[in-house]
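Text of protein-v2.tsv (TSV, C-alpha atoms) as supplied:
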```tsv
chain	number	residue	atom	x	y	z
A	1	MET	CA	106.53	-59.10	-41.30
A	2	ASN	CA	109.14	-57.67	-43.59
A	3	VAL	CA	108.09	-54.27	-44.97
A	4	ASP	CA	108.64	-55.26	-48.60
A	5	THR	CA	106.66	-58.47	-48.27
A	6	ALA	CA	103.84	-56.65	-46.50
A	7	LEU	CA	103.76	-54.02	-49.24
A	8	GLN	CA	103.54	-56.68	-51.96
A	9	GLU	CA	100.68	-58.36	-50.13
A	10	ALA	CA	98.83	-55.09	-49.76
A	11	LEU	CA	99.40	-54.44	-53.46
A	12	ALA	CA	98.01	-57.86	-54.32
A	13	ALA	CA	94.94	-57.10	-52.22
A	14	GLU	CA	94.46	-53.73	-53.94
A	15	HIS	CA	94.76	-55.38	-57.36
A	16	ALA	CA	91.93	-57.69	-56.33
A	17	ALA	CA	89.89	-54.78	-54.92
A	18	VAL	CA	90.22	-52.79	-58.15
A	19	TYR	CA	89.07	-55.83	-60.10
A	20	ALA	CA	86.14	-56.38	-57.76
A	21	TYR	CA	85.04	-52.75	-58.06
A	22	GLY	CA	84.99	-53.14	-61.81
A	23	VAL	CA	82.46	-55.92	-61.35
A	24	ILE	CA	80.51	-53.98	-58.74
A	25	GLY	CA	80.24	-50.88	-60.92
A	26	ALA	CA	78.71	-52.91	-63.71
A	27	MET	CA	75.97	-54.27	-61.45
A	28	VAL	CA	74.69	-51.17	-59.65
A	29	THR	CA	72.92	-48.07	-60.86
A	30	GLY	CA	72.23	-44.50	-59.84
A	31	ALA	CA	73.84	-43.25	-56.64
A	32	ARG	CA	75.31	-46.69	-56.04
A	33	ARG	CA	77.09	-46.48	-59.38
A	34	GLU	CA	78.69	-43.22	-58.31
A	35	THR	CA	79.72	-44.73	-54.97
A	36	ALA	CA	81.23	-47.65	-56.85
A	37	ARG	CA	83.07	-45.28	-59.16
A	38	GLN	CA	84.55	-43.47	-56.16
A	39	GLY	CA	85.53	-46.76	-54.55
A	40	PHE	CA	87.17	-47.91	-57.75
A	41	ALA	CA	89.13	-44.66	-58.00
A	42	ALA	CA	90.17	-44.78	-54.34
A	43	HIS	CA	91.52	-48.32	-54.59
A	44	ARG	CA	93.25	-47.60	-57.87
A	45	THR	CA	94.96	-44.61	-56.25
A	46	ARG	CA	96.15	-46.65	-53.29
A	47	ARG	CA	97.29	-49.41	-55.61
A	48	ASP	CA	99.41	-46.91	-57.54
A	49	GLN	CA	100.77	-45.40	-54.34
A	50	ILE	CA	101.87	-48.79	-53.03
A	51	ARG	CA	103.40	-49.58	-56.40
A	52	THR	CA	105.38	-46.35	-56.26
A	53	VAL	CA	106.59	-47.07	-52.73
A	54	ILE	CA	107.73	-50.55	-53.75
A	55	VAL	CA	109.64	-49.19	-56.75
A	56	ARG	CA	111.26	-46.50	-54.63
A	57	ARG	CA	112.39	-49.17	-52.20
A	58	GLY	CA	114.05	-50.98	-55.08
A	59	GLY	CA	111.46	-53.71	-55.42
A	60	LYS	CA	109.49	-55.03	-58.34
A	61	PRO	CA	105.74	-54.58	-57.84
A	62	ILE	CA	103.71	-57.67	-58.53
A	63	GLU	CA	101.30	-57.50	-61.44
A	64	ALA	CA	97.55	-57.91	-61.30
A	65	ASP	CA	96.05	-61.21	-62.32
A	66	PRO	CA	93.80	-61.11	-65.36
A	67	VAL	CA	90.91	-62.67	-63.44
A	68	TYR	CA	90.06	-63.03	-59.78
A	69	ALA	CA	87.72	-65.55	-58.20
A	70	LEU	CA	84.98	-63.76	-56.30
A	71	PRO	CA	83.82	-64.96	-52.88
A	72	HIS	CA	80.27	-65.44	-54.16
A	73	PRO	CA	78.44	-65.19	-57.48
A	74	VAL	CA	77.72	-61.58	-58.40
A	75	GLY	CA	74.76	-61.21	-60.73
A	76	ASP	CA	72.70	-58.35	-59.40
A	77	ALA	CA	72.92	-55.17	-57.34
A	78	ALA	CA	72.40	-56.91	-54.00
A	79	SER	CA	75.22	-59.37	-54.51
A	80	ALA	CA	77.43	-56.57	-55.84
A	81	ILE	CA	76.80	-54.50	-52.72
A	82	ARG	CA	77.62	-57.51	-50.58
A	83	LEU	CA	80.85	-57.93	-52.54
A	84	ALA	CA	81.75	-54.27	-52.02
A	85	ALA	CA	81.25	-54.53	-48.25
A	86	PHE	CA	83.28	-57.71	-48.27
A	87	VAL	CA	86.12	-56.14	-50.24
A	88	GLU	CA	86.37	-53.20	-47.85
A	89	GLU	CA	86.38	-55.50	-44.87
A	90	ARG	CA	89.16	-57.57	-46.41
A	91	MET	CA	91.16	-54.44	-47.18
A	92	VAL	CA	90.88	-53.29	-43.57
A	93	ALA	CA	92.37	-56.62	-42.47
A	94	SER	CA	95.01	-56.42	-45.16
A	95	TYR	CA	96.11	-52.94	-44.15
A	96	LEU	CA	96.18	-53.96	-40.51
A	97	GLU	CA	98.98	-56.34	-41.48
A	98	LEU	CA	100.83	-53.49	-43.14
A	99	VAL	CA	100.50	-51.40	-39.97
A	100	ALA	CA	102.91	-53.83	-38.29
A	101	ALA	CA	105.62	-52.90	-40.81
A	102	ASP	CA	108.73	-51.36	-39.37
A	103	ASP	CA	108.41	-48.09	-41.27
A	104	GLU	CA	106.68	-45.06	-39.88
A	105	GLY	CA	105.44	-43.70	-43.21
A	106	VAL	CA	104.13	-47.07	-44.32
A	107	ARG	CA	102.32	-47.47	-41.01
A	108	ARG	CA	100.57	-44.12	-41.33
A	109	PHE	CA	99.62	-44.83	-44.91
A	110	ALA	CA	98.15	-48.19	-43.89
A	111	ALA	CA	96.32	-46.85	-40.83
A	112	LEU	CA	94.76	-44.07	-42.87
A	113	ALA	CA	93.77	-46.58	-45.54
A	114	MET	CA	92.07	-48.65	-42.84
A	115	GLN	CA	89.99	-45.65	-41.83
A	116	ASP	CA	89.05	-44.97	-45.46
A	117	CYS	CA	88.07	-48.58	-46.10
A	118	VAL	CA	86.04	-48.87	-42.92
A	119	THR	CA	84.19	-45.67	-43.79
A	120	ARG	CA	83.55	-46.75	-47.37
A	121	GLY	CA	82.47	-50.18	-46.18
A	122	TYR	CA	79.93	-48.56	-43.89
A	123	GLY	CA	78.48	-46.84	-46.94
A	124	TRP	CA	77.83	-50.25	-48.48
A	125	ARG	CA	76.73	-52.05	-45.35
A	126	PRO	CA	75.72	-49.68	-42.57
A	127	THR	CA	76.85	-51.75	-39.63
A	128	VAL	CA	79.79	-51.21	-37.33
A	129	THR	CA	81.34	-54.63	-37.15
A	130	GLY	CA	82.95	-54.82	-33.76
A	131	ALA	CA	85.26	-52.61	-31.75
A	132	PHE	CA	88.44	-53.74	-33.48
A	133	PRO	CA	88.09	-53.59	-37.27
A	134	GLY	CA	90.57	-55.78	-39.10
A	135	MET	CA	91.53	-57.82	-36.06
A	136	PRO	CA	91.04	-61.53	-36.49
A	137	GLY	CA	87.97	-62.82	-34.70
A	138	ALA	CA	87.04	-59.35	-33.51
A	139	GLN	CA	84.06	-58.95	-35.77
A	140	GLY	CA	80.54	-58.65	-34.56
A	141	ALA	CA	81.52	-58.37	-30.92
A	142	THR	CA	79.27	-55.35	-30.56
A	143	SER	CA	77.79	-54.86	-33.96
A	144	ALA	CA	74.63	-53.07	-32.97
A	145	GLY	CA	75.69	-49.71	-34.34
A	146	THR	CA	72.56	-49.41	-36.42
A	147	PRO	CA	68.99	-50.54	-36.15
A	148	GLN	CA	68.70	-54.23	-36.71
A	149	GLY	CA	67.91	-55.48	-40.14
A	150	THR	CA	69.09	-52.53	-42.23
A	151	ALA	CA	71.84	-54.58	-43.78
A	152	PRO	CA	72.26	-58.19	-44.70
A	153	ALA	CA	73.93	-59.92	-41.81
A	154	GLN	CA	77.13	-61.76	-42.56
A	155	SER	CA	75.58	-65.08	-41.73
A	156	SER	CA	72.54	-64.65	-43.93
A	157	SER	CA	74.49	-63.67	-46.99
A	158	ALA	CA	76.23	-66.11	-49.28
A	159	PRO	CA	78.50	-68.42	-47.35
A	160	PRO	CA	82.16	-67.53	-47.67
A	161	PRO	CA	84.32	-69.93	-49.61
A	162	ALA	CA	85.94	-72.57	-47.50
A	163	ALA	CA	89.49	-71.99	-48.62
A	164	ASP	CA	90.29	-68.28	-48.74
A	165	PRO	CA	87.69	-65.59	-48.12
A	166	SER	CA	89.55	-62.93	-50.10
A	167	PRO	CA	89.14	-62.38	-53.80
A	168	VAL	CA	92.02	-64.58	-54.82
A	169	PRO	CA	93.79	-64.93	-58.12
A	170	SER	CA	92.04	-67.60	-60.08
A	171	ALA	CA	93.90	-70.59	-61.36
A	172	ALA	CA	92.84	-69.73	-64.89
A	173	PRO	CA	95.66	-68.53	-67.14
B	174	MET	CA	110.67	-51.86	-27.33
B	175	HIS	CA	108.75	-54.13	-25.02
B	176	HIS	CA	111.79	-55.88	-23.69
B	177	ARG	CA	113.45	-52.58	-22.78
B	178	ALA	CA	110.67	-51.53	-20.47
B	179	LEU	CA	111.14	-54.09	-17.75
B	180	PRO	CA	114.89	-53.88	-17.19
B	181	ARG	CA	114.64	-50.11	-16.96
B	182	ARG	CA	111.97	-50.36	-14.30
B	183	THR	CA	114.05	-52.94	-12.49
B	184	VAL	CA	116.85	-50.40	-12.30
B	185	LEU	CA	114.45	-47.83	-10.94
B	186	LEU	CA	113.08	-50.19	-8.31
B	187	GLY	CA	116.62	-51.11	-7.39
B	188	ALA	CA	117.36	-47.47	-6.70
B	189	VAL	CA	114.29	-47.18	-4.53
B	190	ALA	CA	115.27	-50.27	-2.61
B	191	LEU	CA	118.72	-48.83	-2.01
B	192	ALA	CA	117.25	-45.63	-0.65
B	193	ALA	CA	114.91	-47.54	1.64
B	194	ALA	CA	117.80	-49.54	3.02
B	195	GLY	CA	119.57	-46.38	4.06
B	196	CYS	CA	122.07	-46.39	1.29
B	197	GLY	CA	120.63	-43.30	-0.31
B	198	SER	CA	123.80	-41.30	0.01
B	199	THR	CA	125.54	-43.07	-2.82
B	200	PRO	CA	125.72	-41.00	-5.98
B	201	GLU	CA	123.93	-43.69	-7.94
B	202	ALA	CA	120.88	-43.50	-5.73
B	203	LYS	CA	120.71	-39.73	-6.08
B	204	ALA	CA	120.83	-39.89	-9.83
B	205	PRO	CA	117.55	-38.82	-11.43
B	206	PRO	CA	115.24	-41.75	-12.09
B	207	ALA	CA	115.33	-43.29	-15.51
B	208	PRO	CA	113.00	-41.55	-17.95
B	209	PRO	CA	109.67	-43.32	-18.32
B	210	ASP	CA	109.28	-45.70	-21.18
B	211	PRO	CA	107.76	-43.62	-24.01
B	212	GLU	CA	105.29	-46.37	-24.79
B	213	VAL	CA	104.08	-46.40	-21.19
B	214	THR	CA	103.79	-42.63	-21.23
B	215	LEU	CA	101.80	-42.77	-24.45
B	216	LEU	CA	99.50	-45.45	-23.08
B	217	ILE	CA	98.81	-43.42	-19.95
B	218	ASP	CA	97.75	-40.61	-22.26
B	219	LEU	CA	95.65	-42.88	-24.43
B	220	VAL	CA	93.87	-44.41	-21.46
B	221	ALA	CA	93.10	-40.93	-20.17
B	222	GLY	CA	91.84	-39.81	-23.57
B	223	LYS	CA	89.66	-42.87	-23.98
B	224	THR	CA	88.26	-42.43	-20.48
B	225	ARG	CA	87.37	-38.87	-21.39
B	226	LEU	CA	85.59	-40.01	-24.54
B	227	LEU	CA	83.62	-42.58	-22.53
B	228	ASP	CA	82.69	-39.88	-20.03
B	229	LEU	CA	81.49	-37.77	-22.91
B	230	TYR	CA	79.20	-40.54	-24.14
B	231	THR	CA	77.89	-41.12	-20.64
B	232	ALA	CA	77.14	-37.40	-20.29
B	233	ALA	CA	75.43	-37.37	-23.70
B	234	GLN	CA	73.33	-40.38	-22.71
B	235	ARG	CA	72.30	-38.64	-19.49
B	236	ALA	CA	71.49	-35.40	-21.28
B	237	HIS	CA	69.49	-37.14	-23.99
B	238	THR	CA	67.85	-40.07	-22.26
B	239	ALA	CA	65.50	-40.81	-25.15
B	240	PHE	CA	68.56	-41.35	-27.31
B	241	ALA	CA	70.69	-43.18	-24.76
B	242	GLU	CA	69.90	-46.61	-26.12
B	243	ARG	CA	71.05	-45.66	-29.63
B	244	LEU	CA	74.39	-44.55	-28.19
B	245	ARG	CA	74.87	-47.63	-26.07
B	246	PRO	CA	76.75	-49.74	-28.71
B	247	PHE	CA	79.12	-46.84	-29.37
B	248	HIS	CA	79.77	-46.52	-25.66
B	249	ALA	CA	80.31	-50.28	-25.44
B	250	ARG	CA	82.92	-50.29	-28.20
B	251	HIS	CA	84.82	-47.46	-26.53
B	252	ALA	CA	84.70	-49.43	-23.30
B	253	GLU	CA	86.31	-52.34	-25.16
B	254	HIS	CA	89.02	-50.01	-26.42
B	255	LEU	CA	89.66	-48.77	-22.90
B	256	LYS	CA	89.92	-52.34	-21.66
B	257	ALA	CA	92.45	-53.24	-24.35
B	258	LEU	CA	94.55	-50.11	-23.76
B	259	THR	CA	94.51	-50.63	-20.00
B	260	ALA	CA	95.53	-54.26	-20.42
B	261	GLU	CA	98.43	-53.15	-22.61
B	262	LEU	CA	99.46	-50.56	-20.04
B	263	ASN	CA	99.31	-53.06	-17.20
B	264	ARG	CA	101.35	-55.50	-19.22
B	265	LEU	CA	104.11	-52.95	-19.83
B	266	ALA	CA	104.01	-51.34	-16.39
B	267	PRO	CA	102.55	-53.59	-13.71
B	268	GLU	CA	102.98	-51.12	-10.83
B	269	PRO	CA	99.79	-49.29	-10.01
B	270	SER	CA	101.26	-45.82	-9.49
B	271	PHE	CA	102.82	-43.73	-12.22
B	272	PRO	CA	104.18	-40.48	-10.93
B	273	THR	CA	105.13	-39.45	-14.46
B	274	PRO	CA	102.72	-37.14	-16.17
B	275	SER	CA	103.25	-36.88	-19.88
B	276	PRO	CA	105.52	-34.02	-20.91
B	277	SER	CA	103.21	-33.24	-23.80
B	278	PRO	CA	99.69	-34.39	-23.04
B	279	ALA	CA	98.10	-35.22	-26.34
B	280	VAL	CA	94.47	-35.97	-25.71
B	281	THR	CA	94.47	-35.71	-21.96
B	282	ALA	CA	94.55	-31.97	-21.63
B	283	ALA	CA	91.25	-31.18	-23.28
B	284	PRO	CA	88.55	-30.92	-20.64
B	285	THR	CA	85.28	-32.69	-21.22
B	286	PRO	CA	83.11	-30.19	-23.07
B	287	PRO	CA	79.52	-29.72	-21.95
B	288	VAL	CA	76.96	-31.71	-23.90
B	289	PRO	CA	74.76	-29.40	-26.02
B	290	ALA	CA	71.10	-29.44	-25.10
B	291	ALA	CA	70.06	-29.78	-28.72
B	292	LEU	CA	70.32	-33.41	-29.79
B	293	GLY	CA	71.64	-32.63	-33.25
B	294	ARG	CA	74.44	-30.55	-31.82
B	295	ALA	CA	75.27	-33.14	-29.19
B	296	LEU	CA	75.63	-35.76	-31.93
B	297	ALA	CA	77.72	-33.38	-34.01
B	298	MET	CA	80.02	-32.91	-31.04
B	299	LEU	CA	80.42	-36.67	-30.62
B	300	ARG	CA	81.12	-37.01	-34.34
B	301	GLY	CA	83.80	-34.34	-34.08
B	302	GLU	CA	85.40	-36.06	-31.10
B	303	GLU	CA	85.45	-39.40	-32.93
B	304	ARG	CA	87.06	-37.84	-35.97
B	305	LYS	CA	89.66	-36.09	-33.84
B	306	ALA	CA	90.46	-39.32	-32.02
B	307	ALA	CA	90.82	-41.23	-35.29
B	308	VAL	CA	93.22	-38.64	-36.70
B	309	THR	CA	95.24	-38.64	-33.49
B	310	ARG	CA	95.85	-42.39	-33.79
B	311	LEU	CA	97.77	-41.79	-37.00
B	312	ARG	CA	100.24	-39.63	-35.08
B	313	HIS	CA	100.86	-42.25	-32.43
B	314	ILE	CA	101.53	-45.42	-34.37
B	315	GLY	CA	104.98	-44.44	-35.59
B	316	GLY	CA	107.35	-45.20	-32.76
B	317	VAL	CA	105.56	-48.01	-30.96
B	318	SER	CA	105.76	-51.78	-31.13
B	319	PRO	CA	104.07	-53.46	-34.10
B	320	SER	CA	101.35	-54.95	-31.91
B	321	LEU	CA	100.52	-51.63	-30.25
B	322	ALA	CA	100.55	-49.95	-33.67
B	323	GLN	CA	97.97	-52.47	-34.85
B	324	LEU	CA	95.82	-51.99	-31.77
B	325	LEU	CA	95.85	-48.22	-32.22
B	326	ALA	CA	95.19	-48.45	-35.96
B	327	SER	CA	92.23	-50.74	-35.34
B	328	ILE	CA	90.83	-48.46	-32.66
B	329	GLY	CA	91.26	-45.53	-35.04
B	330	ALA	CA	89.37	-47.38	-37.75
B	331	CYS	CA	86.52	-48.03	-35.31
B	332	GLU	CA	86.44	-44.35	-34.39
B	333	ALA	CA	86.39	-43.41	-38.07
B	334	ALA	CA	83.44	-45.77	-38.53
B	335	HIS	CA	81.74	-44.18	-35.53
B	336	ALA	CA	82.11	-40.76	-37.11
B	337	VAL	CA	79.99	-41.86	-40.06
B	338	ALA	CA	77.73	-44.23	-38.13
B	339	LEU	CA	76.60	-41.80	-35.45
B	340	PRO	CA	73.05	-40.81	-36.30
B	341	ARG	CA	72.48	-37.23	-37.35
B	342	SER	CA	69.28	-36.87	-35.35
B	343	ARG	CA	66.33	-38.80	-34.10
```

Produce structure tokens that represent the structure in this file.
Amino acid sequence: MNVDTALQEALAAEHAAVYAYGVIGAMVTGARRETARQGFAAHRTRRDQIRTVIVRRGGKPIEADPVYALPHPVGDAASAIRLAAFVEERMVASYLELVAADDEGVRRFAALAMQDCVTRGYGWRPTVTGAFPGMPGAQGATSAGTPQGTAPAQSSSAPPPAADPSPVPSAAP
Amino acid sequence: MHHRALPRRTVLLGAVALAAAGCGSTPEAKAPPAPPDPEVTLLIDLVAGKTRLLDLYTAAQRAHTAFAERLRPFHARHAEHLKALTAELNRLAPEPSFPTPSPSPAVTAAPTPPVPAALGRALAMLRGEERKAAVTRLRHIGGVSPSLAQLLASIGACEAAHAVALPRSR
């Protein structure tokens, strides 16, 4: 994929992640609230970094949408935690795309972001999902990194939306 | 990068064939062999490093048998990494023998450290090795093909997850 296109897509994903963390932060309390605050800050930082890179490359960074559709209803701490784990997982996949970009600096940035997201995601859902995070279809190959039952399994949580599993821009104006 | 590897090897094999046929006195045949494909060289290093990490887990499982089962999924994921890296190496360089040691061994050089007798310290050592491996991936993804960069980035992310997922003690 073209570097500029890949950067815009990563930026779009970070816009959605920042939005999602705003929702998550409102639903959790205590230590979770602090974790959410850190996640929010981390994604906002990456969003700004990508924006800067795009501008420096002569591009026009895409704007955030006012509202994003969430993959499942979020009305309590448990669903918010599920959303956070989901967001991190999606970001790992998103940054894996960016790793294919033909730019050494962009690749490193994306690979490091993958490691951050995977680590943060583990904080929300303590399960190692497969040997190849971010790779399509690689999830859950050997997911027994933790004792069974400590985290909601993907299958038992809310079913993902049929169309697009990522927090996508809503059609609303 | 991938397409360059094969022709270069073909040239090398051609030179070998010439020498075998008794035509080794031509200047071309005496020319030094083509330098190894850097991606092949890197993969040889990565396979060696991953093998070492697997050995380390095996040694830790032997030293701490009561904990071996908890380490099994970590070992299994590293084994998957090794399989993927080996497949990539075999794809780029189908011949079994590589006489070309890396000029700057990255992960290979470090000998397998002994596993501490104390469980907590053994786990800390594994955590440190995972972290080191994850950081090393970032150095390697620059000059390789997009698909290898993605494989290494994904492996690095798994290692980063391991570093936080490894239990601290029993």

Hey, could you make a per-residue contact list for chain B against chain A with 6 Å as the cut-off, showing the nearest pair of atoms and its distance in Å to one decimal, counting all atoms listed in the file, sorted by chain and number, as CSV?
```
residue,atom,partner,partner_atom,distance
B:Pro246,CA,A:Gly145,CA,5.7
B:Arg250,CA,A:Ala131,CA,4.8
B:Leu311,CA,A:Arg108,CA,5.7
B:Gly315,CA,A:Glu104,CA,4.7
B:Pro319,CA,A:Ala100,CA,4.4
B:Gln323,CA,A:Val99,CA,5.8
B:Ala326,CA,A:Ala111,CA,5.2
B:Ser327,CA,A:Phe132,CA,5.2
B:Ile328,CA,A:Phe132,CA,5.9
B:Ala330,CA,A:Gln115,CA,4.5
B:Cys331,CA,A:Ala131,CA,5.9
B:Ala333,CA,A:Gln115,CA,5.7
B:Ala334,CA,A:Thr119,CA,5.3
```

Report the distance between CA of Leu258 (chain B) and CA of Arg304 (chain B) in Å, rounded to one decimal place.
18.9 Å

Taking all atoms listed in the file into account, which of B:Pro340, B:Arg300, B:Leu219, B:His313 comes nearest Glu261 (chain B)?
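Looking only at the distances to Glu261 (chain B), the closest residue turns out to be B:Leu219.
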
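The nearest approach to Gln38 (chain A) among the residues A:Val18, A:Val3, A:Leu70, A:Val53, with all atoms listed in the file taken into account, belongs to A:Val18.
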
At a cut-off of 9 Å, using only C-alpha atoms, what residues contact Met298 (chain B)? Leave out same-chain residues fewer than 6 positions from it and give the result as a VMD selection string.
chain B and resid 286 288 to 289

I'd like to know which of A:Arg56, A:Arg125, A:Ala42, A:His72 is closest to Glu14 (chain A), using all atoms listed in the file.
A:Ala42

How many Å separate CA of Asp4 (chain A) from CA of Arg44 (chain A)?
19.5 Å
